[in-house]
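What's in structure.csv: CSV, C-alpha atoms
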```
chain,number,residue,atom,x,y,z
G,19,MET,CA,20.2,64.4,25.8
G,20,ILE,CA,16.5,65.3,25.5
G,21,ASP,CA,15.5,62.6,28.1
G,22,ASP,CA,17.5,64.6,30.8
G,23,ILE,CA,15.8,68.0,30.2
G,24,ARG,CA,13.7,69.1,33.1
G,25,VAL,CA,11.2,71.9,33.9
G,26,ASP,CA,11.3,72.8,37.6
G,27,PRO,CA,8.1,72.7,39.6
G,28,SER,CA,8.5,76.3,40.6
G,29,VAL,CA,8.0,77.2,36.9
G,30,THR,CA,5.0,74.9,36.4
G,31,SER,CA,3.4,76.3,39.5
G,32,LEU,CA,3.7,79.8,37.9
G,33,ARG,CA,2.1,78.6,34.6
G,34,PRO,CA,0.5,75.1,34.9
G,35,ASP,CA,-0.4,75.3,31.2
G,36,PHE,CA,3.2,75.5,30.1
G,37,ALA,CA,4.5,72.8,27.8
G,38,VAL,CA,7.7,72.6,25.8
G,39,LEU,CA,8.4,70.4,22.8
G,40,VAL,CA,12.1,69.6,22.9
G,41,MET,CA,13.8,68.5,19.7
G,42,GLY,CA,17.3,67.2,19.4
G,43,VAL,CA,18.8,67.3,15.9
G,44,TYR,CA,22.0,65.6,15.1
G,45,GLY,CA,24.2,65.8,12.0
G,46,LEU,CA,23.1,69.3,10.8
G,47,ARG,CA,24.8,70.9,7.8
G,48,ASN,CA,24.2,74.5,8.5
G,49,GLY,CA,25.2,77.4,6.2
G,50,PRO,CA,24.6,81.0,5.4
G,51,THR,CA,21.1,82.3,4.4
G,52,ASP,CA,20.3,81.3,0.8
G,53,ASP,CA,17.4,81.8,-1.6
G,54,ARG,CA,15.6,78.8,-0.1
G,55,SER,CA,15.7,80.2,3.5
G,56,ARG,CA,14.9,83.7,2.2
G,57,ALA,CA,11.7,82.3,0.7
G,58,TRP,CA,10.9,80.7,4.1
G,59,LEU,CA,11.3,84.0,5.8
G,60,ALA,CA,9.3,85.9,3.2
G,61,GLU,CA,6.4,83.4,3.3
G,62,ALA,CA,6.4,83.4,7.1
G,63,ALA,CA,6.3,87.2,7.2
G,64,ARG,CA,3.2,87.1,5.1
G,65,ASP,CA,1.6,84.5,7.3
G,66,ALA,CA,2.8,85.8,10.7
G,67,VAL,CA,0.4,86.1,13.6
G,68,PRO,CA,-0.3,89.7,14.7
G,69,ALA,CA,1.3,91.0,17.9
G,70,ALA,CA,-2.1,91.2,19.5
G,71,ASP,CA,-2.7,87.4,19.0
G,72,PRO,CA,-3.9,85.7,22.2
G,73,ARG,CA,-1.0,83.2,22.0
G,74,ILE,CA,1.5,86.1,22.2
G,75,GLU,CA,-0.5,87.9,24.9
G,76,ALA,CA,-0.3,84.8,27.0
G,77,TRP,CA,3.5,85.2,27.0
G,78,ARG,CA,3.3,88.8,28.1
G,79,GLU,CA,1.1,87.7,31.0
G,80,ALA,CA,3.7,85.0,31.9
G,81,TYR,CA,6.4,87.6,32.0
G,82,ARG,CA,4.4,89.8,34.3
G,83,ALA,CA,3.9,86.8,36.6
G,84,PHE,CA,7.6,86.7,37.5
G,85,GLY,CA,8.1,90.4,37.6
G,86,ALA,CA,9.4,91.2,34.0
G,87,LYS,CA,8.1,94.1,31.9
G,88,PRO,CA,7.2,92.6,28.5
G,89,GLN,CA,7.1,96.1,26.9
G,90,ARG,CA,10.8,96.5,27.8
G,91,THR,CA,12.1,92.9,27.4
G,92,ARG,CA,9.7,91.2,25.0
G,93,PRO,CA,9.1,87.5,24.6
G,94,SER,CA,11.1,86.3,21.6
G,95,VAL,CA,8.1,85.7,19.4
G,96,ASP,CA,6.6,89.1,20.3
G,97,ALA,CA,9.9,90.8,19.3
G,98,LEU,CA,10.1,88.8,16.0
G,99,VAL,CA,6.6,89.6,14.8
G,100,ARG,CA,7.4,93.3,15.2
G,101,ARG,CA,10.6,93.0,13.2
G,102,MET,CA,9.7,92.7,9.6
G,103,PRO,CA,11.3,91.8,7.3
G,104,LEU,CA,12.6,88.9,9.3
G,105,PRO,CA,16.4,89.0,9.9
G,106,GLU,CA,18.6,86.7,7.8
G,107,ILE,CA,21.0,84.8,10.2
G,108,ASN,CA,21.8,81.3,8.8
G,109,LEU,CA,19.8,78.4,7.4
G,110,VAL,CA,18.9,76.8,10.7
G,111,VAL,CA,18.0,80.0,12.6
G,112,ASP,CA,16.0,81.2,9.5
G,113,ALA,CA,14.1,77.9,9.7
G,114,TYR,CA,13.0,78.2,13.3
G,115,ASN,CA,12.3,82.0,13.1
G,116,ALA,CA,10.0,81.3,10.2
G,117,VAL,CA,8.1,78.6,12.2
G,118,SER,CA,8.0,80.9,15.3
G,119,VAL,CA,6.2,83.8,13.7
G,120,ARG,CA,3.9,81.6,11.6
G,121,HIS,CA,2.7,79.7,14.7
G,122,GLY,CA,2.9,82.4,17.3
G,123,LEU,CA,5.2,80.6,19.7
G,124,PRO,CA,8.7,81.2,21.0
G,125,ILE,CA,11.4,78.8,19.7
G,126,GLY,CA,15.0,78.7,21.0
G,127,GLY,CA,17.9,77.1,19.2
G,128,GLU,CA,21.0,75.9,21.1
G,129,ASP,CA,24.3,74.5,20.0
G,130,LEU,CA,24.7,71.2,21.9
G,131,GLY,CA,28.4,71.3,21.3
G,132,HIS,CA,28.7,74.1,23.7
G,133,TYR,CA,26.4,72.7,26.4
G,134,GLU,CA,27.6,71.5,29.7
G,135,GLY,CA,25.1,69.1,31.2
G,136,PRO,CA,21.3,69.0,30.5
G,137,ALA,CA,19.0,71.9,29.9
G,138,ARG,CA,16.6,72.8,32.6
G,139,LEU,CA,14.0,75.6,33.1
G,140,VAL,CA,14.2,77.1,36.6
G,141,ARG,CA,13.6,80.2,38.7
G,142,ALA,CA,16.9,81.9,39.1
G,143,THR,CA,18.7,82.4,42.4
G,144,GLY,CA,20.4,85.5,41.0
G,145,ASP,CA,24.0,84.4,41.1
G,146,GLU,CA,24.0,82.3,37.9
G,147,PRO,CA,26.4,83.6,35.2
G,148,PHE,CA,25.0,84.7,31.9
G,149,GLU,CA,27.5,85.2,29.2
G,150,THR,CA,26.7,88.0,26.9
G,151,ALA,CA,28.4,90.9,25.0
G,152,ASP,CA,28.5,94.6,25.8
G,153,ARG,CA,29.4,96.8,22.9
G,154,GLY,CA,31.0,93.8,21.2
G,155,GLU,CA,33.1,92.8,24.2
G,156,PRO,CA,32.5,89.6,26.2
G,157,SER,CA,30.6,90.3,29.4
G,158,VAL,CA,29.0,88.4,32.3
G,159,ASP,CA,25.6,89.4,33.6
G,160,HIS,CA,23.2,87.7,36.1
G,161,PRO,CA,19.5,87.2,36.2
G,162,GLU,CA,17.2,88.7,38.8
G,163,ILE,CA,16.1,86.5,41.7
G,164,GLY,CA,13.0,84.5,40.7
G,165,GLU,CA,13.5,85.2,37.0
G,166,VAL,CA,12.5,82.2,34.8
G,167,VAL,CA,15.6,81.0,32.9
G,168,TRP,CA,16.9,78.1,30.9
G,169,ARG,CA,20.3,77.0,32.2
G,170,ASP,CA,22.9,74.2,32.0
G,171,ASP,CA,25.7,73.2,34.5
G,172,ARG,CA,27.8,76.3,33.5
G,173,GLY,CA,25.2,79.0,33.7
G,174,VAL,CA,22.1,80.6,32.2
G,175,THR,CA,21.6,79.8,28.5
G,176,CYS,CA,18.5,82.0,28.0
G,177,ARG,CA,17.2,84.8,30.2
G,178,ARG,CA,13.6,85.7,31.0
G,179,TRP,CA,12.2,82.4,29.7
G,180,ASN,CA,12.9,83.2,26.0
G,181,TRP,CA,14.0,86.8,25.8
G,182,ARG,CA,17.7,86.7,25.3
G,183,GLN,CA,20.1,83.8,24.6
G,184,CYS,CA,23.7,83.6,25.9
G,185,VAL,CA,26.5,84.0,23.4
G,186,ARG,CA,28.1,80.6,24.2
G,187,THR,CA,25.2,78.4,22.9
G,188,ARG,CA,24.0,80.3,19.9
G,189,ILE,CA,23.6,78.4,16.7
G,190,THR,CA,26.3,79.2,14.1
G,191,GLU,CA,27.2,78.0,10.7
G,192,GLU,CA,29.5,75.5,12.3
G,193,THR,CA,26.8,73.9,14.5
G,194,THR,CA,26.2,70.2,13.8
G,195,ASP,CA,24.1,69.1,16.8
G,196,ALA,CA,21.4,71.3,18.1
G,197,LEU,CA,18.6,71.5,20.7
G,198,PHE,CA,15.3,73.3,19.9
G,199,LEU,CA,12.8,74.4,22.5
G,200,LEU,CA,9.3,75.1,21.2
G,201,GLU,CA,7.4,76.7,24.2
G,202,ARG,CA,3.6,76.7,24.5
G,203,LEU,CA,1.1,78.4,26.8
G,204,GLU,CA,-2.7,78.3,26.4
G,205,PRO,CA,-4.6,79.1,24.2
G,206,MET,CA,-2.2,77.2,21.9
G,207,THR,CA,-3.2,73.6,21.9
G,208,ILE,CA,-0.8,70.7,22.1
G,209,GLY,CA,-1.9,69.7,18.6
G,210,GLU,CA,-0.7,73.1,17.3
G,211,LEU,CA,2.6,72.7,19.2
G,212,THR,CA,3.1,69.3,17.6
G,213,ALA,CA,2.3,70.7,14.1
G,214,ALA,CA,4.9,73.5,14.6
G,215,GLY,CA,7.5,70.9,15.6
G,216,GLU,CA,6.7,68.8,12.5
G,217,GLU,CA,7.1,71.8,10.3
G,218,LEU,CA,10.4,72.7,11.9
G,219,ALA,CA,11.7,69.2,11.5
G,220,GLY,CA,10.7,69.2,7.9
G,221,LEU,CA,12.7,72.4,7.2
G,222,LEU,CA,15.7,71.1,9.1
G,223,ARG,CA,15.6,67.9,7.1
G,224,ALA,CA,15.5,70.0,3.9
G,225,VAL,CA,18.7,71.7,5.1
G,226,SER,CA,20.3,68.4,6.2
G,227,PRO,CA,18.7,65.4,4.7
G,228,GLY,CA,20.8,63.0,6.8
G,229,ALA,CA,20.0,64.6,10.1
G,230,ARG,CA,18.5,62.5,13.0
G,231,VAL,CA,15.6,64.1,14.9
G,232,GLU,CA,14.4,63.2,18.3
G,233,THR,CA,11.4,64.9,20.0
G,234,ARG,CA,9.7,64.9,23.4
G,235,ILE,CA,7.0,67.0,25.0
G,236,ILE,CA,7.4,68.1,28.6
G,237,GLY,CA,4.2,69.5,30.2
G,238,PRO,CA,0.5,68.8,30.8
G,239,ALA,CA,0.0,66.7,27.6
G,240,GLY,CA,3.4,65.1,27.8
G,241,GLY,CA,2.6,63.2,30.9
G,242,GLU,CA,5.5,64.7,32.9
```
Write-out of the structure in structure tokens:
Amino acid sequence: MIDDIRVDPSVTSLRPDFAVLVMGVYGLRNGPTDDRSRAWLAEAARDAVPAADPRIEAWREAYRAFGAKPQRTRPSVDALVRRMPLPEINLVVDAYNAVSVRHGLPIGGEDLGHYEGPARLVRATGDEPFETADRGEPSVDHPEIGEVVWRDDRGVTCRRWNWRQCVRTRITEETTDALFLLERLEPMTIGELTAAGEELAGLLRAVSPGARVETRIIGPAGGE
């Protein structure tokens, strides 16, 4: 799966410094938030980078570059560091939210069981379906033309780079195979990105000792 993930040249021309560490994790045993993941969240909240951190400001600049207003639709890590205490979702989501705020980078988690075809990061044409919810009811929206989105063969899986995930691919307590997208812009170094990935893999192995983890970097330091 992770070998087929692509970043479109139209995105890298927008931000040549973009890199993503993609992580496939197979054989997860997810479950509800427990005392262990609450401790991860509490520790991460204490160590969280501030909203003014240059690594987060880089994402605001990236949003402005494709026409988004980051004060209205915030990059995911920007929204998280402003939301304390961190929300309790489930073991796996708690793990990647904790790593996100500690390292100051957006992390997306996707249920591979609900994917159709490989993930790719593209500039939207505007007609791709985005499955969401409106007042608790299923709804279909569409990205703006030129918006940076993650998508699969069925439609958009995350709008505005990492702002909002679709309902279909969210990680739930039933998720067993998952894709994680750790997204980096300068001034974050590739070494810092790799360290964040190793930390996340360690937490996921604590949740699921038998899980198999594969990683790959796409971007300037990944040679692709």
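The shortest atom-to-atom distance to G:Ile74, with only C-alpha atoms taken into account, belongs to G:His121 out of G:Arg178, G:Arg90, G:Arg54, G:His121.
For the set G:Ile236, G:Leu130, G:Leu139, G:Leu221, the residue with the smallest atom-to-atom gap to G:Asp21 is G:Ile236, counting all atoms listed in the file.
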Which of G:Leu203, G:Ile163, G:Asn115, G:Asp71 sits closest to G:Pro103 [using all atoms listed in the file]: G:Asn115
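Across the structure, atom CA of G:Ala37 and atom CA of G:Pro238 are spaced 6.4 Å apart.
Among G:Val119, G:Leu98, G:Asp52, G:Gly45, the residue with the shortest atom-to-atom distance to G:Arg64, counting all atoms listed in the file, is G:Val119.
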Minimum-distance residue to G:His160, chosen among G:Tyr114, G:Glu146, G:Arg172, G:Glu106 (using only C-alpha atoms): G:Glu146
Draw an axis-aligned box over all listed atoms of stretch 120-133 of chain G, pad each side with 4 Å, and write its centre and edge lengths in Å, one decimal, as JSON.
```
{"center_x": 15.7, "center_y": 76.8, "center_z": 19.0, "size_x": 34.0, "size_y": 19.2, "size_z": 22.8}
```
From G:Asp195, G:Glu216, G:Asp145, G:Glu201, residue lying nearest G:Trp77 [all atoms listed in the file]: G:Glu201
